[in-house]
Every structure is written in structure tokens, then in C-alpha cells.
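Trainee: Below is the structure I would like to discuss, written out as C-alpha cells.
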Amino acid sequence: MAPEGRWWGSGGADPPLLGLKGLSVFFRRKDRSLLTVSNLDLEIRQGEVFGLVGESGCGKSITALSIMGLLPAGAYATGNIFFTISRTDEVLDLLALEESRLCAIRGKEIGMVFQEPMTSLNPVFTIGYQISEVLMVHEGLSKREALGRAVDLLQLVRIPSPEARIKDYPHQLSGGMRQRVMIAMAVACNPSLLIADEPTTALDVTIQAEILNLLHDLRLSRGMAVLLITHDLAVISENADRVAIMYAGRIVELAPVEILFRNPLHPYTLGLYESIPTAREIPLKPIPGTVPAPDELPPGCKFSTRCRYRTAECDLEEPLLRMIEEDHFVSCIRAGELERSGVGAYRV
């Protein structure tokens with residue numbers, strides 16, 4: 001059943017491809033449930049590349065696993081995850097679906113490239129078998145037909161000699177080639193949404209660029225949307241249309257990429273921005289401290305203990321994500337004040 005009214009932040013009358021409304025993720029403990037992702041509101045539009053950025057431990061991967069219905073044991077999600085089936089325009093709440101229906105969507109309508117391909121691929125099966133299995137389950141192909149398509153997919157992701165490579169096991173491939181296999185599996189059924197969770201982790205710079213270029217080409221040729229999860233703002237600047245900055249399980253800033261890089265307004269965003277190497281003579285400014293554990297978060301603004309612009313008011317209550325300019329949302333009590341004063345990005 002379609003949600004009532006216009007989804008949060010929607011830029012038009014048509015529903016987005018994916019809409020998270022009030023998504024929270026909890027981990028069960030002996031005496032309580034621990035909140036790790038808090039009341040997330042987010043949308044991804046048809047055909048766009050949406051970046052999700054933050055340090056390790058901010059909740060990016062857990063959000064992706066919630067969408068896929070693959071949360072680890074002891075974790076559960078509340079809220080809504082609305083997904084539009086592109087072929088029929090049917091809108092489903094993924095959190096309300098039975099497992100059998102969700103399995104039909106996972107891998108077919110939504111593909112995912114996991115963070116570490118060596119642990120995501122099964123070491124005892126050939127890559128040809130693992131790719132063809134997706135096609136046999138979701139497309140109903142015979143084993144022979146699926147293997148033929150697997151060869152085509154390996155060629156699509158630019159693996160040389162695909163006819164020979166389908167017989168290889170994951171340990172026989174380099175890290176970059178294993179990542180290409182994961183991409184081939186994720187796009188095998190032509191999904192409308194591809195989730196790429198740190199797709200360039202542990203790869204050298206040259207291979208990183210090749211993987212990102214491959215994702216770009218596949219997105220354009222297949223018309224799919226991409227949720228690109230990373231900690232690297234430089235990757236986002238060159239590959240995403242819109243970006244959300246995530247901290248401690250919350251979205252603290254959301255904007256089109258060009259607006260965010262022109263005028264970052266949250267202190268955490270600015271800290272990430274100042275951590276990007278630009279020139280030899282300009283020293284980096286690391287963000288002090290680390291992301292606190294979910295059960296050690298401060299009152300009020302969750303970034304306050306690491307923020308150089310903290311005031312007494314920051315400890316009173318958690319700021320809401322609010323619009324500062326068109327399409328630019330920030331959860332900071334000083335964002336509007338400083339933006340209106342013309343200083344922007346807290347350069348005071």
C-alpha cells in the first residue's frame with residue numbers, strides 16, 4: 001500500500017524509488033535494546049546516485065542491511081522502508097513484507113555490493129556458479145543458460161577471458177577482480193537500485209578509479225539508482241548527485257553535492273571536508289575524538305563532545321534536521337544563524 005501524502009524531502013509529485021521514514025535500528029541486549037540508527041528520514045530518486053557518508057560506526061552499513069532485510073541476529077528495525085517496484089509502480093513497505101516476498105525483491109529489484117568481497121563470496125563455489133545461481137533463482141534460467149549469461153556479465157564488468165574465469169574460485173582472483181564479480185552478481189537481474197557499500201575498500205588507487213568508472217557506466221547504461229556508501233568525500237564529489245552526512249546513526253546534513261561542497265554547514269561535515277588532502281603546504285585538521293558508542297552518546301546534539309563550536313544550548317536537546325536553503329537540510333542550532341550572517345561553513 002502506498003504511503004499517504006508526499007514523502008519527506010521529495011522533489012516532485014512522483015514517489016521516489018526508495019523512501020525511509022522514521023527508520024530506527026535496535027540491537028537487543030540482555031536487559032534492553034540499544035538504539036544504533038535513530039529515526040532516519042531519507043529518499044533516493046529514480047536513476048540518481050545518492051551518497052551516504054560518515055566515519056566507521058556511524059550506521060551506514062546497518063542502514064543498508066536494513067533495506068536488504070539482512071540485519072544480523074539480535075537486531076531489528078522499526079519505521080518504514082518504502083520501495084517502488086519500477087516495472088509495476090507498486091509501492092511496498094519492505095519492513096512489513098514476509099520473508100518469501102522480500103527474497104523475491106532482494107537480488108532482483110535491489111542489488112548490493114558488500115563491503116568485503118572475499119568474505120561475501122563463497123570460497124567453495126566457483127564464481128560462475130555463484131553468478132548463475134542468482135539468474136536461476138530470479139530469472140528461472142536453466143543451468144546452461146545461466147552460465148552463458150554469467151560469461152556475458154563477467155565481460156560486462158571487464159574481466160578478461162570470462163569463459164575461463166567462470167571456473168575460478170574466489171581465492172584465485174585479485175581483490176579488484178573479486179569486486180567486479182560482486183558487481184556482476186548485483187546487476188545480474190538488472191535491479192532498479194544498487195547499494196554499493198564501500199565498493200573501493202582495500203583497493204589501490206588505480207583499481208578504485210576503475211571500479212567507480214565501472215559503476216558509473218553501468219548506472220548510465222541500465223538506468224538504475226545507486227546508493228553509494230563511503231567515508232571518502234572525494235569519491236562523493238565526483239560520483240554522486242546528492243549526499244547525506246551521517247553521524248551516530250543520524251543524518252546531520254543533506255544536500256545536492258554541489259551545494260554541500262560549496263557551503264558545508266554542519267561542523268561534522270566541515271571536519272570531514274578539512275580532512276581531505278588538498279595541497280602539501282596545507283595541514284589536515286583531524287576531527288578530535290571518535291564516534292561514541294550508542295550507549296555513551298551525549299545529551300542534546302550527538303556531535304557536541306567533538307565540536308569546536310559547542311555552546312551550552314547544544315546540550316539541551318537534539319536539533320532537528322531543518323531546511324536552511326532550498327534542498328539543503330542541516331541539524332545544527334547555529335547553521336541558520338551563521339548562514340544568514342554570510343560567513344557560511346562556520347568560517348568565523
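Letters A, B, ... mark the chains of the C-alpha cells in the order given; residue numbers begin at 1 per chain; ligand numbers begin at 1, in order shown.
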Just the residues within 7 Å of stretch 238-251 of chain A, please, counting only C-alpha atoms, with nothing from its chain fewer than 2 positions along; format it as JSON, numbers by chain.
Mentor: {"A": [36, 37, 38, 40, 48, 49, 50, 51, 52, 53, 54, 58, 59, 234, 235, 236, 253, 254, 255, 256, 257, 269, 291, 302]}
Trainee: Excluding same-chain residues fewer than 2 positions from A:His171, what lies within 10 Å of it counting only C-alpha atoms, as a PyMOL selection string?
Mentor: chain A and resi 118+121-124+126+168-169+173-175+178
Trainee: Atoms to include: N, CA and C atoms. Write the selected residues as a PDB file, in the first residue's frame.
Mentor:
ATOM      1  N   MET A 118      35.879 -10.725  -0.397  1.00  0.00           N
ATOM      2  CA  MET A 118      36.460 -12.020  -0.070  1.00  0.00           C
ATOM      3  C   MET A 118      35.598 -12.777   0.927  1.00  0.00           C
ATOM      4  N   LEU A 121      31.850 -13.583  -0.980  1.00  0.00           N
ATOM      5  CA  LEU A 121      31.799 -14.689  -1.932  1.00  0.00           C
ATOM      6  C   LEU A 121      32.047 -16.011  -1.206  1.00  0.00           C
ATOM      7  N   ASN A 122      31.355 -17.054  -1.631  1.00  0.00           N
ATOM      8  CA  ASN A 122      31.520 -18.363  -1.005  1.00  0.00           C
ATOM      9  C   ASN A 122      32.800 -19.012  -1.527  1.00  0.00           C
ATOM     10  N   PRO A 123      33.749 -19.349  -0.648  1.00  0.00           N
ATOM     11  CA  PRO A 123      35.048 -19.856  -1.122  1.00  0.00           C
ATOM     12  C   PRO A 123      34.996 -21.250  -1.725  1.00  0.00           C
ATOM     13  N   VAL A 124      33.919 -22.002  -1.520  1.00  0.00           N
ATOM     14  CA  VAL A 124      33.888 -23.390  -2.001  1.00  0.00           C
ATOM     15  C   VAL A 124      33.133 -23.548  -3.323  1.00  0.00           C
ATOM     16  N   THR A 126      32.620 -21.987  -7.426  1.00  0.00           N
ATOM     17  CA  THR A 126      33.225 -21.161  -8.471  1.00  0.00           C
ATOM     18  C   THR A 126      32.418 -19.876  -8.633  1.00  0.00           C
ATOM     19  N   ASP A 168      36.937 -20.296 -12.015  1.00  0.00           N
ATOM     20  CA  ASP A 168      37.830 -19.956 -10.913  1.00  0.00           C
ATOM     21  C   ASP A 168      37.071 -19.854  -9.593  1.00  0.00           C
ATOM     22  N   TYR A 169      37.813 -20.055  -8.504  1.00  0.00           N
ATOM     23  CA  TYR A 169      37.288 -19.844  -7.165  1.00  0.00           C
ATOM     24  C   TYR A 169      37.727 -18.454  -6.682  1.00  0.00           C
ATOM     25  N   LEU A 173      41.346 -15.023  -7.559  1.00  0.00           N
ATOM     26  CA  LEU A 173      41.197 -13.703  -8.156  1.00  0.00           C
ATOM     27  C   LEU A 173      41.811 -12.631  -7.276  1.00  0.00           C
ATOM     28  N   SER A 174      42.215 -11.534  -7.883  1.00  0.00           N
ATOM     29  CA  SER A 174      42.711 -10.386  -7.123  1.00  0.00           C
ATOM     30  C   SER A 174      41.530  -9.675  -6.450  1.00  0.00           C
ATOM     31  N   GLY A 175      41.849  -8.749  -5.549  1.00  0.00           N
ATOM     32  CA  GLY A 175      40.797  -8.006  -4.861  1.00  0.00           C
ATOM     33  C   GLY A 175      39.914  -7.230  -5.819  1.00  0.00           C
ATOM     34  N   ARG A 178      37.635  -9.678  -7.680  1.00  0.00           N
ATOM     35  CA  ARG A 178      36.552 -10.159  -6.812  1.00  0.00           C
ATOM     36  C   ARG A 178      35.456  -9.099  -6.681  1.00  0.00           C
TER      37      ARG A 178
END
Trainee: Could you pull the residues within 12 Å of A:Cys103, counting only C-alpha atoms, minus those fewer than 4 positions along the same chain, as a VMD selection string?
Mentor: chain A and resid 68 to 70 94 97 to 99 107 to 111 134 137 to 138
Trainee: Based on DSSP run over this structure's backbone, return all residues of stretch 47-197 of chain A in strand (DSSP E), as a list in words.
Mentor: Val49, Phe50, Gly51, Leu52, Val53, Ala75, Tyr76, Ala77, Thr78, Gly79, Asn80, Ile81, Phe82, Phe83, Thr84, Ile85, Glu90, Val91, Leu92, Asp93, Ile110, Gly111, Met112, Val113, Leu193, Leu194, Ile195, Ala196 and Asp197 of chain A
Trainee: I need the chosen residues saved as a PDB file, in the first residue's frame, with N, CA and C atoms.
Mentor:
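Written file, part-v1.pdb:
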ATOM      1  N   VAL A  49      22.478   8.953  -8.192  1.00  0.00           N
ATOM      2  CA  VAL A  49      23.488   8.392  -7.300  1.00  0.00           C
ATOM      3  C   VAL A  49      23.409   9.170  -6.002  1.00  0.00           C
ATOM      4  N   PHE A  50      23.069   8.458  -4.930  1.00  0.00           N
ATOM      5  CA  PHE A  50      22.909   9.094  -3.629  1.00  0.00           C
ATOM      6  C   PHE A  50      24.050   8.634  -2.735  1.00  0.00           C
ATOM      7  N   GLY A  51      24.806   9.588  -2.195  1.00  0.00           N
ATOM      8  CA  GLY A  51      25.937   9.265  -1.341  1.00  0.00           C
ATOM      9  C   GLY A  51      25.563   9.284   0.128  1.00  0.00           C
ATOM     10  N   LEU A  52      26.043   8.299   0.866  1.00  0.00           N
ATOM     11  CA  LEU A  52      25.864   8.251   2.318  1.00  0.00           C
ATOM     12  C   LEU A  52      27.257   8.203   2.933  1.00  0.00           C
ATOM     13  N   VAL A  53      27.604   9.246   3.706  1.00  0.00           N
ATOM     14  CA  VAL A  53      28.978   9.458   4.136  1.00  0.00           C
ATOM     15  C   VAL A  53      29.061   9.534   5.653  1.00  0.00           C
ATOM     16  N   ALA A  75      19.261  -7.998  16.006  1.00  0.00           N
ATOM     17  CA  ALA A  75      18.931  -6.638  15.573  1.00  0.00           C
ATOM     18  C   ALA A  75      17.539  -6.617  14.952  1.00  0.00           C
ATOM     19  N   TYR A  76      16.848  -5.493  15.095  1.00  0.00           N
ATOM     20  CA  TYR A  76      15.541  -5.341  14.463  1.00  0.00           C
ATOM     21  C   TYR A  76      15.326  -3.869  14.115  1.00  0.00           C
ATOM     22  N   ALA A  77      14.466  -3.630  13.135  1.00  0.00           N
ATOM     23  CA  ALA A  77      14.205  -2.278  12.646  1.00  0.00           C
ATOM     24  C   ALA A  77      12.741  -1.919  12.837  1.00  0.00           C
ATOM     25  N   THR A  78      12.486  -0.634  13.065  1.00  0.00           N
ATOM     26  CA  THR A  78      11.128  -0.099  13.132  1.00  0.00           C
ATOM     27  C   THR A  78      11.024   1.077  12.165  1.00  0.00           C
ATOM     28  N   GLY A  79       9.807   1.500  11.888  1.00  0.00           N
ATOM     29  CA  GLY A  79       9.586   2.574  10.920  1.00  0.00           C
ATOM     30  C   GLY A  79       9.117   2.009   9.592  1.00  0.00           C
ATOM     31  N   ASN A  80       9.457   2.679   8.506  1.00  0.00           N
ATOM     32  CA  ASN A  80       9.032   2.255   7.176  1.00  0.00           C
ATOM     33  C   ASN A  80      10.184   2.347   6.189  1.00  0.00           C
ATOM     34  N   ILE A  81      10.238   1.369   5.283  1.00  0.00           N
ATOM     35  CA  ILE A  81      11.150   1.423   4.137  1.00  0.00           C
ATOM     36  C   ILE A  81      10.294   1.203   2.900  1.00  0.00           C
ATOM     37  N   PHE A  82       9.894   2.291   2.258  1.00  0.00           N
ATOM     38  CA  PHE A  82       9.038   2.203   1.081  1.00  0.00           C
ATOM     39  C   PHE A  82       9.896   2.052  -0.175  1.00  0.00           C
ATOM     40  N   PHE A  83       9.543   1.082  -0.993  1.00  0.00           N
ATOM     41  CA  PHE A  83      10.279   0.828  -2.234  1.00  0.00           C
ATOM     42  C   PHE A  83       9.294   0.704  -3.381  1.00  0.00           C
ATOM     43  N   THR A  84       9.587   1.400  -4.479  1.00  0.00           N
ATOM     44  CA  THR A  84       8.729   1.380  -5.658  1.00  0.00           C
ATOM     45  C   THR A  84       9.246   0.352  -6.662  1.00  0.00           C
ATOM     46  N   ILE A  85       8.429  -0.651  -6.968  1.00  0.00           N
ATOM     47  CA  ILE A  85       8.785  -1.636  -7.990  1.00  0.00           C
ATOM     48  C   ILE A  85       8.658  -0.953  -9.353  1.00  0.00           C
ATOM     49  N   GLU A  90       4.300  -0.372  -8.199  1.00  0.00           N
ATOM     50  CA  GLU A  90       3.740  -0.767  -6.907  1.00  0.00           C
ATOM     51  C   GLU A  90       4.695  -0.312  -5.796  1.00  0.00           C
ATOM     52  N   VAL A  91       4.139   0.271  -4.737  1.00  0.00           N
ATOM     53  CA  VAL A  91       4.938   0.743  -3.606  1.00  0.00           C
ATOM     54  C   VAL A  91       4.757  -0.217  -2.437  1.00  0.00           C
ATOM     55  N   LEU A  92       5.867  -0.749  -1.936  1.00  0.00           N
ATOM     56  CA  LEU A  92       5.840  -1.731  -0.858  1.00  0.00           C
ATOM     57  C   LEU A  92       6.615  -1.218   0.340  1.00  0.00           C
ATOM     58  N   ASP A  93       6.175  -1.581   1.525  1.00  0.00           N
ATOM     59  CA  ASP A  93       6.936  -1.323   2.744  1.00  0.00           C
ATOM     60  C   ASP A  93       7.764  -2.576   3.026  1.00  0.00           C
ATOM     61  N   ILE A 110      16.590  -5.040  -5.998  1.00  0.00           N
ATOM     62  CA  ILE A 110      17.642  -4.322  -5.272  1.00  0.00           C
ATOM     63  C   ILE A 110      18.876  -5.209  -5.219  1.00  0.00           C
ATOM     64  N   GLY A 111      19.971  -4.736  -5.771  1.00  0.00           N
ATOM     65  CA  GLY A 111      21.235  -5.462  -5.709  1.00  0.00           C
ATOM     66  C   GLY A 111      22.171  -4.793  -4.720  1.00  0.00           C
ATOM     67  N   MET A 112      23.112  -5.553  -4.201  1.00  0.00           N
ATOM     68  CA  MET A 112      24.045  -4.979  -3.230  1.00  0.00           C
ATOM     69  C   MET A 112      25.451  -5.499  -3.450  1.00  0.00           C
ATOM     70  N   VAL A 113      26.403  -4.573  -3.443  1.00  0.00           N
ATOM     71  CA  VAL A 113      27.829  -4.891  -3.459  1.00  0.00           C
ATOM     72  C   VAL A 113      28.320  -4.724  -2.034  1.00  0.00           C
ATOM     73  N   LEU A 193      17.715  -0.477  -8.151  1.00  0.00           N
ATOM     74  CA  LEU A 193      18.552   0.146  -7.115  1.00  0.00           C
ATOM     75  C   LEU A 193      19.746  -0.747  -6.826  1.00  0.00           C
ATOM     76  N   LEU A 194      20.928  -0.155  -6.849  1.00  0.00           N
ATOM     77  CA  LEU A 194      22.156  -0.857  -6.484  1.00  0.00           C
ATOM     78  C   LEU A 194      22.732  -0.195  -5.241  1.00  0.00           C
ATOM     79  N   ILE A 195      22.949  -0.974  -4.185  1.00  0.00           N
ATOM     80  CA  ILE A 195      23.593  -0.481  -2.972  1.00  0.00           C
ATOM     81  C   ILE A 195      25.056  -0.887  -3.031  1.00  0.00           C
ATOM     82  N   ALA A 196      25.941   0.098  -3.033  1.00  0.00           N
ATOM     83  CA  ALA A 196      27.385  -0.161  -3.089  1.00  0.00           C
ATOM     84  C   ALA A 196      27.992   0.284  -1.763  1.00  0.00           C
ATOM     85  N   ASP A 197      28.297  -0.682  -0.902  1.00  0.00           N
ATOM     86  CA  ASP A 197      28.804  -0.391   0.439  1.00  0.00           C
ATOM     87  C   ASP A 197      30.329  -0.418   0.422  1.00  0.00           C
TER      88      ASP A 197
END
Trainee: Restricting the calculation to only C-alpha atoms: of A:Asn190, A:Thr63, A:Ser304, A:Gln172, which residue gets closest to A:Ile229?
Mentor: A:Thr63
Trainee: Restricting the calculation to only C-alpha atoms: of A:Ala96, A:Val181, A:Ala188, A:Leu18, which residue gets closest to A:Ala146?
Mentor: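 The shortest atom-to-atom distance to A:Ala146 comes from A:Ala188.
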Trainee: Step one, run DSSP on the backbone; step two, keep only residues of stretch 268-342 of chain A assigned to helix (DSSP H, G or I); then write them as a PDB file with C-alpha atoms, in the first residue's frame.
Mentor:
ATOM      1  CA  TYR A 268      30.946  17.414  11.302  1.00  0.00           C
ATOM      2  CA  THR A 269      30.689  17.950   7.543  1.00  0.00           C
ATOM      3  CA  LEU A 270      33.271  20.696   7.763  1.00  0.00           C
ATOM      4  CA  GLY A 271      35.544  18.380   9.757  1.00  0.00           C
ATOM      5  CA  LEU A 272      35.283  15.709   7.062  1.00  0.00           C
ATOM      6  CA  TYR A 273      35.902  18.349   4.395  1.00  0.00           C
ATOM      7  CA  GLU A 274      39.025  19.654   6.165  1.00  0.00           C
ATOM      8  CA  PRO A 294      25.454   4.026  21.072  1.00  0.00           C
ATOM      9  CA  ASP A 295      25.082   3.723  24.860  1.00  0.00           C
ATOM     10  CA  GLU A 296      27.547   6.563  25.510  1.00  0.00           C
ATOM     11  CA  SER A 304      28.723  18.141  20.756  1.00  0.00           C
ATOM     12  CA  THR A 305      31.626  16.388  22.524  1.00  0.00           C
ATOM     13  CA  ARG A 306      33.772  16.670  19.379  1.00  0.00           C
ATOM     14  CA  ALA A 312      25.621  25.424  26.373  1.00  0.00           C
ATOM     15  CA  GLU A 313      22.457  25.290  24.267  1.00  0.00           C
ATOM     16  CA  CYS A 314      23.827  22.303  22.316  1.00  0.00           C
ATOM     17  CA  ASP A 315      23.435  20.102  25.412  1.00  0.00           C
ATOM     18  CA  ALA A 335      23.509  26.646  10.915  1.00  0.00           C
ATOM     19  CA  GLY A 336      20.791  29.177  10.052  1.00  0.00           C
ATOM     20  CA  GLU A 337      22.369  31.935  12.137  1.00  0.00           C
ATOM     21  CA  LEU A 338      25.799  31.635  10.550  1.00  0.00           C
ATOM     22  CA  GLU A 339      24.452  31.090   7.038  1.00  0.00           C
ATOM     23  CA  ARG A 340      22.322  34.241   7.287  1.00  0.00           C
TER      24      ARG A 340
END
Trainee: Would you list the contacts of A:Arg149 as JSON, numbers by chain, taking every protein, DNA or RNA residue within 9 Å and counting only C-alpha atoms, but skipping same-chain residues closer than 6 positions in sequence?
Mentor: {"A": [131, 132, 135, 188]}
Trainee: When you draw a straight line from atom CA of A:Pro292 to atom CA of A:Glu55, how long is it in Å?
Mentor: 11.2 Å
Trainee: Just to confirm, what's the straight-line distance from atom CA of A:Val252 to atom CA of A:Leu265 in Å (one decimal)?
Mentor: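 Answer for the atom CA of A:Val252 to atom CA of A:Leu265 separation: 9.6 Å.
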Trainee: Atom CA of A:Gly148 to atom CA of A:Pro160: how many Å, to one decimal?
Mentor: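 According to the coordinates, atom CA of A:Gly148 and atom CA of A:Pro160 are separated by 15.4 Å.
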Trainee: Using only C-alpha atoms, which residue out of A:Ala202, A:Ala225, A:Ala73, A:Cys307 lies closest to A:Val187?
Mentor: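 When distances to A:Val187 are compared using only C-alpha atoms, the smallest one comes from A:Ala225.
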Trainee: For a quick check of understanding, using only C-alpha atoms, which of A:Ile287, A:Leu17, A:Ile276, A:Ile159 has the smallest distance to A:Glu210?
Mentor: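 Once distances to A:Glu210 are computed over only C-alpha atoms, the minimum belongs to A:Ile159.
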Trainee: I'd like the contact shell of A:Pro16 - 7 Å cut-off, only C-alpha atoms, skipping same-chain residues fewer than 6 positions apart - returned as a tab-separated table (two decimals) with all heavy atoms, in the first residue's frame.
Mentor:
chain	number	residue	atom	x	y	z
A	43	GLU	N	15.40	9.66	1.20
A	43	GLU	CA	14.81	9.16	-0.04
A	43	GLU	C	15.85	9.11	-1.14
A	43	GLU	O	16.81	9.89	-1.15
A	43	GLU	CB	13.63	10.02	-0.48
A	43	GLU	CG	14.01	11.43	-0.87
A	43	GLU	CD	12.83	12.19	-1.45
A	43	GLU	OE1	11.70	11.97	-1.00
A	43	GLU	OE2	13.05	13.02	-2.34
A	44	ILE	N	15.68	8.18	-2.04
A	44	ILE	CA	16.53	8.06	-3.21
A	44	ILE	C	15.62	8.09	-4.43
A	44	ILE	O	14.64	7.35	-4.52
A	44	ILE	CB	17.34	6.75	-3.19
A	44	ILE	CG1	18.27	6.75	-1.96
A	44	ILE	CG2	18.16	6.60	-4.47
A	44	ILE	CD1	19.03	5.46	-1.78
A	45	ARG	N	15.93	8.97	-5.36
A	45	ARG	CA	15.09	9.15	-6.54
A	45	ARG	C	15.51	8.22	-7.67
A	45	ARG	O	16.62	7.71	-7.70
A	45	ARG	CB	15.15	10.62	-6.98
A	45	ARG	CG	14.68	11.59	-5.90
A	45	ARG	CD	15.09	13.01	-6.16
A	45	ARG	NE	14.79	13.87	-5.01
A	45	ARG	CZ	15.28	15.09	-4.85
A	45	ARG	NH1	16.13	15.60	-5.75
A	45	ARG	NH2	14.95	15.79	-3.77
A	46	GLN	N	14.61	8.05	-8.60
A	46	GLN	CA	14.88	7.16	-9.74
A	46	GLN	C	16.13	7.62	-10.48
A	46	GLN	O	16.26	8.78	-10.86
A	46	GLN	CB	13.68	7.19	-10.70
A	46	GLN	CG	12.36	6.77	-10.09
A	46	GLN	CD	12.16	5.27	-10.12
A	46	GLN	OE1	12.98	4.53	-10.67
A	46	GLN	NE2	11.06	4.81	-9.55
Trainee: Choose the residue, out of A:Lys21, A:Lys143, A:Ile282, A:Leu218, that has the smallest atom-to-atom separation from A:Leu95; count only C-alpha atoms.
Mentor: A:Lys21
